[in-house]
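As stored in query_13.txt (compact mmCIF, C-alpha atoms):
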```
# COMPACT_ATOMS: atom_id res chain seq x y z
CA MET N 1 -2.75 24.00 14.26
CA ARG N 2 -1.40 25.43 11.04
CA LEU N 3 0.01 22.53 9.01
CA CYS N 4 1.99 22.14 5.82
CA VAL N 5 1.71 18.74 4.12
CA LEU N 6 4.58 18.10 1.72
CA GLY N 7 3.60 15.57 -0.95
CA LEU N 8 -0.05 15.21 -1.95
CA GLY N 9 -0.06 11.64 -3.18
CA ARG N 10 -1.62 8.39 -1.95
CA LEU N 11 -1.17 9.28 1.72
CA GLY N 12 -0.55 13.02 1.70
CA LEU N 13 -3.82 14.13 0.13
CA PRO N 14 -6.12 11.95 2.28
CA TRP N 15 -4.11 12.88 5.38
CA ALA N 16 -4.34 16.60 4.57
CA LEU N 17 -8.08 16.33 3.96
CA VAL N 18 -8.67 14.55 7.27
CA ALA N 19 -6.62 17.19 9.09
CA ASP N 20 -8.59 19.95 7.37
CA ALA N 21 -11.91 18.31 8.24
CA THR N 22 -10.77 18.00 11.85
CA GLY N 23 -10.33 21.76 12.10
CA HIS N 24 -6.66 22.31 11.33
CA GLU N 25 -5.53 24.96 8.86
CA VAL N 26 -3.81 22.98 6.11
CA CYS N 27 -1.77 24.00 3.09
CA GLY N 28 -0.45 21.27 0.80
CA LEU N 29 2.84 21.56 -1.08
CA ASP N 30 3.57 19.49 -4.18
CA ILE N 31 5.95 19.82 -7.14
CA ASP N 32 3.28 18.63 -9.61
CA ALA N 33 1.57 21.82 -10.80
CA SER N 34 -1.21 19.94 -12.61
CA ARG N 35 -2.08 18.00 -9.46
CA VAL N 36 -2.05 21.19 -7.38
CA GLN N 37 -4.41 22.82 -9.88
CA ALA N 38 -6.73 19.79 -9.86
CA ILE N 39 -6.87 19.82 -6.05
CA ASN N 40 -7.62 23.54 -5.90
CA GLU N 41 -10.32 23.16 -8.57
CA ARG N 42 -11.69 20.12 -6.69
CA LYS N 43 -11.33 17.95 -9.81
CA ILE N 44 -9.14 15.10 -8.54
CA HIS N 45 -10.04 11.72 -10.03
CA THR N 46 -9.63 9.01 -7.40
CA SER N 47 -11.29 5.79 -6.37
CA GLU N 48 -9.95 6.12 -2.81
CA PRO N 49 -13.05 6.11 -0.57
CA GLY N 50 -13.74 9.38 1.19
CA VAL N 51 -11.19 11.52 -0.64
CA GLY N 52 -13.59 12.91 -3.23
CA GLN N 53 -16.25 13.60 -0.62
CA LEU N 54 -13.86 15.44 1.69
CA LEU N 55 -12.31 17.46 -1.14
CA CYS N 56 -15.66 18.54 -2.58
CA ASP N 57 -17.25 19.29 0.77
CA PRO N 58 -18.16 23.03 0.76
CA ARG N 59 -16.47 23.33 4.16
CA CYS N 60 -13.14 22.02 2.84
CA GLY N 61 -10.47 24.67 3.29
CA LEU N 62 -7.47 22.76 1.95
CA ILE N 63 -5.25 24.87 -0.29
CA ALA N 64 -2.52 23.36 -2.48
CA THR N 65 0.48 25.18 -3.91
CA THR N 66 3.84 24.67 -5.57
CA ASP N 67 5.25 27.67 -3.65
CA PRO N 68 7.14 26.63 -0.47
CA ALA N 69 7.03 30.16 0.94
CA GLU N 70 3.24 30.18 0.77
CA ALA N 71 2.85 26.65 2.13
CA LEU N 72 5.28 27.05 5.04
CA ASN N 73 4.38 30.55 6.17
CA GLU N 74 3.69 30.43 9.93
CA ALA N 75 3.34 26.63 9.79
CA GLU N 76 3.54 24.98 13.20
CA LEU N 77 4.15 21.48 11.88
CA SER N 78 5.27 20.10 8.52
CA ILE N 79 4.07 16.64 7.50
CA VAL N 80 6.38 14.93 5.00
CA THR N 81 4.70 12.25 2.87
CA VAL N 82 6.93 12.11 -0.21
CA PRO N 83 7.96 8.90 -2.05
CA THR N 84 10.97 6.81 -0.98
CA PRO N 85 11.65 4.51 -3.96
CA SER N 86 13.64 1.34 -3.44
CA GLN N 87 17.34 1.45 -4.23
CA PRO N 88 19.37 -1.35 -5.88
CA ASP N 89 20.49 -2.62 -2.46
CA GLY N 90 16.88 -2.75 -1.20
CA SER N 91 17.06 0.31 1.04
CA PHE N 92 14.66 3.26 0.67
CA GLY N 93 15.79 6.23 -1.39
CA LEU N 94 15.94 9.55 0.46
CA ALA N 95 16.23 12.04 -2.40
CA ALA N 96 12.67 13.36 -2.14
CA ILE N 97 12.80 13.48 1.68
CA LEU N 98 16.09 15.36 1.70
CA ALA N 99 14.72 17.82 -0.83
CA ALA N 100 11.62 18.29 1.35
CA VAL N 101 13.48 18.92 4.61
CA GLU N 102 15.98 21.17 2.84
CA THR N 103 13.02 23.20 1.57
CA ILE N 104 11.63 23.40 5.11
CA GLY N 105 15.02 24.41 6.47
CA ALA N 106 15.54 27.03 3.79
CA HIS N 107 12.29 28.71 4.86
CA ALA N 108 12.97 28.33 8.59
CA GLY N 109 12.52 32.06 9.11
CA ARG N 110 8.90 31.79 7.98
CA LEU N 111 8.05 28.94 10.34
CA ALA N 112 6.29 29.25 13.67
CA PRO N 113 8.63 28.99 16.67
CA ARG N 114 9.59 25.44 17.70
CA HIS N 115 8.39 24.10 14.36
CA VAL N 116 8.10 20.30 14.22
CA VAL N 117 8.82 18.26 11.09
CA VAL N 118 6.82 15.03 11.14
CA LEU N 119 8.29 12.45 8.77
CA LYS N 120 5.74 9.89 7.61
CA SER N 121 7.49 8.47 4.56
CA THR N 122 8.89 4.97 5.07
CA VAL N 123 12.66 5.06 5.56
CA SER N 124 15.40 2.61 6.47
CA PRO N 125 16.58 2.36 10.09
CA GLY N 126 18.90 5.21 10.99
CA ALA N 127 17.70 7.61 8.29
CA THR N 128 15.68 10.02 10.44
CA ASP N 129 18.39 10.81 12.97
CA GLY N 130 21.10 10.45 10.31
CA PRO N 131 20.95 12.08 6.88
CA VAL N 132 17.44 13.54 7.29
CA ARG N 133 18.22 15.39 10.52
CA GLN N 134 21.57 16.48 9.15
CA ALA N 135 19.98 17.93 6.02
CA LEU N 136 17.30 19.73 8.03
CA GLU N 137 19.80 21.28 10.45
CA GLN N 138 22.19 22.35 7.72
CA ALA N 139 19.43 23.95 5.66
CA SER N 140 17.84 25.78 8.58
CA ASP N 141 21.11 27.24 9.83
CA LEU N 142 19.45 28.39 13.05
CA ALA N 143 20.56 28.27 16.63
CA GLN N 144 19.59 25.04 18.38
CA ALA N 145 16.92 26.80 20.42
CA ARG N 146 15.07 27.89 17.27
CA ALA N 147 15.85 25.04 14.87
CA PRO N 148 12.96 22.83 13.67
CA GLU N 149 12.53 19.62 15.60
CA LEU N 150 12.12 16.22 13.95
CA VAL N 151 9.79 13.29 14.62
CA HIS N 152 9.27 10.06 12.70
CA ALA N 153 5.62 9.00 12.82
CA PRO N 154 5.04 6.15 10.33
CA GLU N 155 1.51 5.62 9.09
CA PHE N 156 -0.19 2.22 8.84
CA HIS N 157 -2.72 2.51 6.07
CA ALA N 158 -4.02 0.45 3.18
CA ILE N 159 -5.07 1.60 -0.26
CA GLY N 160 -8.85 1.54 -0.33
CA SER N 161 -9.15 2.59 3.31
CA VAL N 162 -6.64 5.42 3.83
CA VAL N 163 -9.16 7.92 5.23
CA HIS N 164 -10.56 5.31 7.59
CA ASP N 165 -7.09 4.20 8.66
CA VAL N 166 -5.98 7.77 9.42
CA THR N 167 -9.06 8.39 11.57
CA HIS N 168 -9.09 4.92 13.18
CA PRO N 169 -5.46 3.98 13.86
CA TYR N 170 -4.86 0.93 16.02
CA LEU N 171 -1.69 2.61 17.29
CA VAL N 172 0.03 5.98 16.92
CA ILE N 173 3.81 5.70 16.75
CA VAL N 174 6.05 8.71 17.34
CA GLY N 175 9.82 8.50 17.43
CA GLY N 176 12.42 11.16 18.07
CA ARG N 177 14.73 12.94 20.48
CA GLU N 178 12.86 16.06 21.58
CA VAL N 179 10.16 15.45 24.19
CA SER N 180 8.26 18.59 23.22
CA ALA N 181 8.17 17.55 19.56
CA LEU N 182 6.91 14.07 20.46
CA SER N 183 4.15 15.60 22.58
CA ARG N 184 3.00 17.93 19.82
CA ALA N 185 3.06 15.15 17.22
CA GLU N 186 1.06 12.96 19.58
CA GLU N 187 -1.43 15.77 20.14
CA LEU N 188 -1.84 16.23 16.38
CA HIS N 189 -2.47 12.55 15.70
CA SER N 190 -4.88 12.23 18.61
CA SER N 191 -6.90 15.12 17.17
CA LEU N 192 -7.41 13.18 13.92
CA ALA N 193 -8.53 9.94 15.54
CA GLU N 194 -12.17 9.22 16.22
CA GLY N 195 -11.78 8.03 19.80
CA ALA N 196 -8.90 7.27 22.10
CA VAL N 197 -5.91 5.52 20.60
CA PRO N 198 -2.79 4.06 22.25
CA VAL N 199 0.51 5.81 21.59
CA ALA N 200 3.97 4.27 21.42
CA ARG N 201 6.88 6.65 22.01
CA LEU N 202 10.22 5.42 20.75
CA ASP N 203 13.44 6.82 19.45
CA ALA N 204 13.40 7.53 15.72
CA THR N 205 15.18 4.31 14.77
CA GLY N 206 12.72 2.29 16.84
CA ALA N 207 9.82 3.89 14.96
CA GLU N 208 11.51 3.11 11.64
CA LEU N 209 11.99 -0.52 12.66
CA VAL N 210 8.39 -0.90 13.85
CA LYS N 211 7.01 0.16 10.46
CA LEU N 212 9.33 -2.09 8.50
CA ALA N 213 8.97 -5.06 10.85
CA SER N 214 5.16 -4.84 10.91
CA ASN N 215 4.92 -4.93 7.13
CA CYS N 216 7.47 -7.75 6.88
CA PHE N 217 5.50 -9.81 9.39
CA ARG N 218 2.36 -9.36 7.29
CA THR N 219 4.14 -10.50 4.14
CA MET N 220 5.48 -13.48 6.08
CA LYS N 221 1.91 -14.47 6.99
CA ILE N 222 0.80 -14.13 3.37
CA ALA N 223 3.70 -16.23 2.11
CA TYR N 224 3.12 -18.78 4.87
CA ALA N 225 -0.57 -19.05 4.03
CA ASN N 226 0.20 -19.65 0.34
CA ALA N 227 2.80 -22.29 1.24
CA LEU N 228 0.23 -23.92 3.54
CA ALA N 229 -2.33 -23.81 0.73
CA GLU N 230 0.04 -25.65 -1.58
CA LEU N 231 0.61 -28.31 1.06
CA SER N 232 -3.11 -28.60 1.75
CA VAL N 233 -3.88 -29.23 -1.91
CA ALA N 234 -1.10 -31.80 -2.13
CA TYR N 235 -2.79 -33.76 0.66
CA GLY N 236 -6.33 -33.23 -0.62
CA SER N 237 -7.50 -30.75 2.03
CA ASP N 238 -9.33 -27.42 1.63
CA PRO N 239 -6.73 -24.61 1.88
CA LYS N 240 -9.23 -22.04 3.11
CA ALA N 241 -10.44 -24.32 5.89
CA VAL N 242 -6.91 -25.19 6.95
CA CYS N 243 -5.80 -21.53 7.01
CA ALA N 244 -8.94 -20.50 8.89
CA ALA N 245 -8.35 -23.13 11.56
CA VAL N 246 -4.72 -22.10 11.99
CA GLY N 247 -5.77 -18.46 12.20
CA ALA N 248 -8.26 -19.26 14.95
CA ASP N 249 -5.33 -19.66 17.32
CA PRO N 250 -5.34 -16.36 19.28
CA HIS N 251 -1.55 -16.36 19.23
CA ILE N 252 -1.59 -16.39 15.40
CA ARG N 253 -4.88 -14.73 14.33
CA SER N 254 -6.47 -14.80 10.91
CA GLY N 255 -5.38 -11.43 9.50
CA TYR N 256 -3.38 -11.92 6.27
CA LEU N 257 -3.57 -15.68 6.78
CA GLY N 258 -5.47 -16.98 3.78
CA PRO N 259 -4.65 -18.42 0.36
CA GLY N 260 -4.38 -16.00 -2.52
CA LEU N 261 -2.01 -14.36 -4.95
CA PRO N 262 1.55 -13.52 -3.94
CA TYR N 263 1.74 -10.34 -1.88
CA GLY N 264 2.01 -7.15 -3.89
CA GLY N 265 1.03 -3.50 -3.82
CA PRO N 266 3.07 -0.30 -3.63
CA CYS N 267 4.73 -1.19 -0.30
CA TYR N 268 4.95 -4.89 0.54
CA PRO N 269 7.30 -6.00 -2.27
CA ARG N 270 9.80 -3.40 -1.03
CA ASP N 271 9.80 -4.30 2.64
CA ASN N 272 11.67 -7.61 2.86
CA PRO N 273 14.49 -6.35 0.60
CA ALA N 274 14.65 -3.25 2.82
CA MET N 275 14.75 -5.40 5.95
CA ALA N 276 17.49 -7.52 4.38
CA ALA N 277 19.46 -4.37 3.51
CA ALA N 278 19.10 -3.10 7.08
CA ALA N 279 20.25 -6.44 8.47
CA THR N 280 23.21 -6.57 6.11
CA ALA N 281 24.22 -3.04 7.11
CA ALA N 282 24.19 -4.18 10.75
CA GLY N 283 26.20 -7.32 9.97
CA ILE N 284 23.26 -9.64 10.67
CA PRO N 285 22.16 -12.46 8.34
CA ALA N 286 18.81 -11.64 6.69
CA ILE N 287 17.58 -15.23 6.66
CA LEU N 288 13.88 -14.65 7.31
CA ALA N 289 13.47 -11.69 4.97
CA GLN N 290 15.17 -13.53 2.14
CA ALA N 291 13.16 -16.70 2.77
CA VAL N 292 9.85 -14.80 2.64
CA ASP N 293 10.82 -13.20 -0.65
CA ALA N 294 11.81 -16.60 -2.04
CA ALA N 295 8.49 -18.13 -0.93
CA ASN N 296 6.58 -15.30 -2.59
CA GLU N 297 8.47 -15.82 -5.84
CA ARG N 298 7.68 -19.53 -5.66
CA ARG N 299 3.97 -18.66 -5.57
CA PHE N 300 4.41 -16.50 -8.65
CA SER N 301 6.21 -19.35 -10.42
CA GLU N 302 3.52 -21.87 -9.47
CA LEU N 303 0.70 -19.77 -10.90
CA GLU N 304 2.73 -18.78 -13.93
CA ARG N 305 3.43 -22.43 -14.71
CA ALA N 306 -0.14 -23.53 -13.99
CA ALA N 307 -1.45 -21.35 -16.82
CA LEU N 308 1.35 -22.19 -19.23
CA ASP N 309 0.92 -25.93 -18.61
CA ALA N 310 -2.83 -25.70 -19.25
CA PRO N 311 -4.28 -26.10 -22.77
CA PRO N 312 -2.78 -23.52 -25.17
CA GLY N 313 -4.75 -20.40 -25.97
CA PRO N 314 -5.44 -16.92 -24.60
CA ILE N 315 -5.32 -16.35 -20.85
CA GLY N 316 -7.98 -14.20 -19.18
CA VAL N 317 -7.52 -12.19 -16.00
CA VAL N 318 -10.68 -11.25 -14.09
CA GLY N 319 -9.65 -8.41 -11.78
CA ILE N 320 -6.24 -6.88 -12.52
CA SER N 321 -5.81 -4.24 -9.81
CA PHE N 322 -3.58 -4.61 -6.76
CA LYS N 323 -6.63 -5.28 -4.58
CA GLU N 324 -10.39 -5.41 -4.96
CA GLY N 325 -12.31 -2.16 -5.04
CA THR N 326 -9.41 0.02 -6.22
CA ASP N 327 -7.91 1.16 -9.52
CA GLU N 328 -4.36 0.84 -8.17
CA LEU N 329 -2.03 -1.12 -10.48
CA ASP N 330 1.25 -0.38 -8.71
CA GLY N 331 2.53 -3.72 -7.45
CA SER N 332 -0.45 -5.69 -8.77
CA SER N 333 0.37 -9.41 -8.56
CA ALA N 334 -2.27 -10.19 -11.18
CA LEU N 335 -0.65 -7.70 -13.55
CA GLU N 336 2.77 -9.21 -12.87
CA LEU N 337 1.44 -12.65 -13.84
CA ALA N 338 -0.11 -11.16 -16.98
CA ARG N 339 3.29 -9.69 -17.88
CA ARG N 340 4.98 -13.05 -17.40
CA TRP N 341 2.42 -14.85 -19.54
CA ARG N 342 2.79 -12.28 -22.31
CA SER N 343 6.57 -12.61 -22.13
CA ALA N 344 6.08 -16.34 -22.66
CA GLY N 345 4.18 -15.57 -25.86
CA ARG N 346 0.61 -15.97 -24.63
CA GLU N 347 -2.22 -13.56 -25.43
CA VAL N 348 -3.77 -12.01 -22.31
CA LEU N 349 -7.27 -10.50 -22.06
CA VAL N 350 -8.30 -8.44 -19.03
CA HIS N 351 -11.66 -7.72 -17.41
CA ASP N 352 -11.77 -5.17 -14.60
CA PRO N 353 -14.49 -2.52 -14.37
CA LEU N 354 -12.28 -0.09 -12.43
CA VAL N 355 -9.01 -0.05 -14.34
CA THR N 356 -7.42 -0.89 -17.69
CA PRO N 357 -3.65 -1.48 -17.78
CA ASP N 358 -1.85 0.16 -20.67
CA GLY N 359 -1.12 -2.17 -23.56
CA TYR N 360 -3.58 -4.91 -22.58
CA ALA N 361 -6.70 -5.89 -24.50
CA THR N 362 -9.90 -5.75 -22.46
CA ALA N 363 -13.08 -7.71 -22.98
CA PRO N 364 -16.47 -8.28 -21.34
CA LEU N 365 -16.61 -11.18 -18.93
CA HIS N 366 -18.63 -13.41 -21.23
CA LYS N 367 -16.10 -12.82 -24.01
CA ILE N 368 -13.23 -13.75 -21.68
CA LEU N 369 -14.91 -17.10 -20.95
CA GLU N 370 -15.70 -17.75 -24.60
CA THR N 371 -12.21 -16.88 -25.82
CA CYS N 372 -9.73 -17.90 -23.14
CA THR N 373 -8.64 -21.42 -22.35
CA THR N 374 -7.39 -20.37 -18.90
CA VAL N 375 -8.90 -17.74 -16.58
CA LEU N 376 -7.27 -16.30 -13.45
CA VAL N 377 -9.39 -14.91 -10.63
CA GLY N 378 -7.14 -11.91 -10.08
CA THR N 379 -8.92 -10.29 -7.13
CA ALA N 380 -11.29 -11.60 -4.47
CA ASP N 381 -13.87 -8.92 -5.30
CA ALA N 382 -17.27 -10.28 -4.28
CA ARG N 383 -19.14 -8.62 -7.13
CA LEU N 384 -16.70 -9.75 -9.80
CA VAL N 385 -16.64 -13.28 -8.41
CA GLY N 386 -20.46 -13.35 -8.39
CA GLU N 387 -20.55 -12.24 -12.02
CA LEU N 388 -17.93 -14.83 -12.93
CA ALA N 389 -19.88 -17.61 -11.24
CA SER N 390 -23.04 -16.54 -13.05
CA GLU N 391 -21.30 -16.49 -16.42
CA LEU N 392 -19.77 -19.90 -15.75
CA ASP N 393 -23.29 -21.27 -15.22
CA HIS N 394 -24.12 -20.33 -18.81
CA CYS N 395 -20.76 -21.05 -20.41
CA GLU N 396 -20.86 -23.93 -22.91
CA ARG N 397 -17.09 -24.39 -23.00
CA GLN N 398 -15.62 -24.45 -19.51
CA PRO N 399 -12.16 -22.82 -19.32
CA HIS N 400 -9.38 -23.90 -17.01
CA VAL N 401 -9.89 -21.63 -13.94
CA LEU N 402 -7.10 -20.59 -11.58
CA ASP N 403 -8.75 -19.56 -8.32
CA PRO N 404 -5.89 -18.84 -5.89
CA TRP N 405 -8.28 -17.28 -3.37
CA GLY N 406 -10.69 -20.24 -3.25
CA VAL N 407 -13.60 -17.82 -3.67
CA LEU N 408 -15.67 -19.81 -6.16
CA ASP N 409 -18.24 -21.89 -4.34
CA THR N 410 -18.06 -25.67 -4.28
CA THR N 411 -20.68 -26.02 -7.01
CA HIS N 412 -18.53 -24.17 -9.49
CA GLN N 413 -15.40 -25.88 -8.29
CA ALA N 414 -17.01 -29.25 -8.91
CA ALA N 415 -18.37 -28.17 -12.28
CA LEU N 416 -14.88 -27.11 -13.31
CA ASN N 417 -13.28 -30.26 -11.90
CA LEU N 418 -10.76 -28.09 -10.13
CA SER N 419 -7.67 -29.78 -8.76
CA GLY N 420 -4.19 -28.85 -7.68
CA LEU N 421 -3.35 -25.21 -8.38
CA ASP N 422 -6.80 -24.59 -9.81
CA HIS N 423 -8.12 -24.46 -6.25
CA ILE N 424 -5.41 -22.59 -4.32
```
I'd like the structure from this file rewritten - as structure tokens, please.
Amino acid sequence: MRLCVLGLGRLGLPWALVADATGHEVCGLDIDASRVQAINERKIHTSEPGVGQLLCDPRCGLIATTDPAEALNEAELSIVTVPTPSQPDGSFGLAAILAAVETIGAHAGRLAPRHVVVLKSTVSPGATDGPVRQALEQASDLAQARAPELVHAPEFHAIGSVVHDVTHPYLVIVGGREVSALSRAEELHSSLAEGAVPVARLDATGAELVKLASNCFRTMKIAYANALAELSVAYGSDPKAVCAAVGADPHIRSGYLGPGLPYGGPCYPRDNPAMAAAATAAGIPAILAQAVDAANERRFSELERAALDAPPGPIGVVGISFKEGTDELDGSSALELARRWRSAGREVLVHDPLVTPDGYATAPLHKILETCTTVLVGTADARLVGELASELDHCERQPHVLDPWGVLDTTHQAALNLSGLDHI
């Protein structure tokens, strides 16, 4: 198929590269000329596994452009992966999506017959068949028989495994009105997957709800696990063991059920406010979504207070990114804690081999332990934790260690006399 991918960011570029490697003819469209140039020159800097390899593969045929006419010429499907920033009421902003579909509609005469627009960006319930469809139809100004069709096909991916998640989906979701469009979207997604994958066909609003509800359920498990960890510590039990035993129940399962930092990242902090906004718009109380957000903020407050109540002095953060193995800072819970500690007047030193946040002093690990009175294990990165444990073995002055993940072994926990929040 000839595809146009609109938006070459966190999802769009990996998705376009997978589609290209699978044999589709792909042209990417982005408004950022410098990014387009970097893609075409194969000079994108990214820590996302697989992206660099696919882009620099001699067989890669992906072309990027800022010219909609070039990108959309004879395209059979358009894949929209543009940002949807949160609005003050919690809903997802549609400005970039509306601009994208208006661009598609304005070039409708260049599109292949029965063109299908596949919307992947996360949107609030009712958006696809509401303002998005309206904007597409108005911009295309074609008879119904020739107008582009619209499908919402949300993507379930995680930073650090986007390429893998696109090629190994646990479920393909397609939502829309037109049966032919759903079939073609399903065919496209099946061609990217390595092996058979189940498909769920819904209406567009159902697909929107599935994406939002799935993410909200994950954040609920994270918040629940952290609340359970607090309770476990209060009663003198091991939070990791308690969470693991609860997760062994096949009706609950262990995914996302473990002690750690509050949930973060580019998506999760937006989802419960969006679910609450959707519920409010429908006249339904948003009790669960609001409670999960409140529980997550409590975890932030606990860890913030634990460092501020410890002996005065600089605070070190070992691992500052949103998750281990990435350089992504958007939505980093460790960075949010660092901001709060700095706002309270404390000096913060950071050690992370993959990323350095603007405005923060960095230091080698041994210097962090020598200088800081409190140290936060910011990510559960096995290599970083191993280095930290090794440095602690040779550290004359033991700092106060906050290990929300419980990843330091019992020897180091005992050596540090960890108690209370130190061990959750």
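Closest approach to Arg2 in chain N from the set N:Leu349, N:Leu402, N:Ala112, N:Ala307 is made by N:Ala112, with distances taken over all atoms listed in the file.
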field: Atom pair CA of Glu387 in chain N / CA of Gly313 in chain N: separation (Å)
entry: 22.6 Å
task: Please identify all polymer residues within 6 Å of Val36 in chain N, counting only C-alpha atoms, omitting same-chain residues fewer than 3 positions from it, and present them as a ChimeraX atom specification.
output: /N:33,39,64-65
Once you have the residues from the selection above, write them out as a tab-separated table (two decimals), in the coordinates of the input, restricted to C-alpha atoms.
```tsv
chain	number	residue	atom	x	y	z
N	33	ALA	CA	1.57	21.82	-10.80
N	39	ILE	CA	-6.87	19.82	-6.05
N	64	ALA	CA	-2.52	23.36	-2.48
N	65	THR	CA	0.48	25.18	-3.91
```
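Considering all atoms listed in the file, the residue among N:Gly93, N:Pro198, N:Gly258, N:Gly331 positioned nearest to Val174 in chain N is N:Pro198.
Closest approach to Asp271 in chain N from the set N:His24, N:Lys211, N:His115, N:Arg346 is made by N:Lys211, with distances taken over all atoms listed in the file.
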statement: Between N:Gly378, N:Gly406, N:Gly160, N:Gly109, smallest distance to Pro14 in chain N by all atoms listed in the file belongs to N:Gly160
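Of the residues listed (N:Val163, N:Cys243, N:Val101, N:Leu77), N:Val163 shows the shortest atom-to-atom separation from Arg10 in chain N; distances use all atoms listed in the file.
One finds CA of Gly50 in chain N at 20.4 Å from CA of Asp330 in chain N.
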Residue with smallest distance to Glu208 in chain N - pool N:Ser124, N:Asn272, N:Asn73, N:Asn296, counting all atoms listed in the file: N:Ser124
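When CA of Thr122 in chain N is paired with CA of Glu328 in chain N, their separation reads 19.2 Å.
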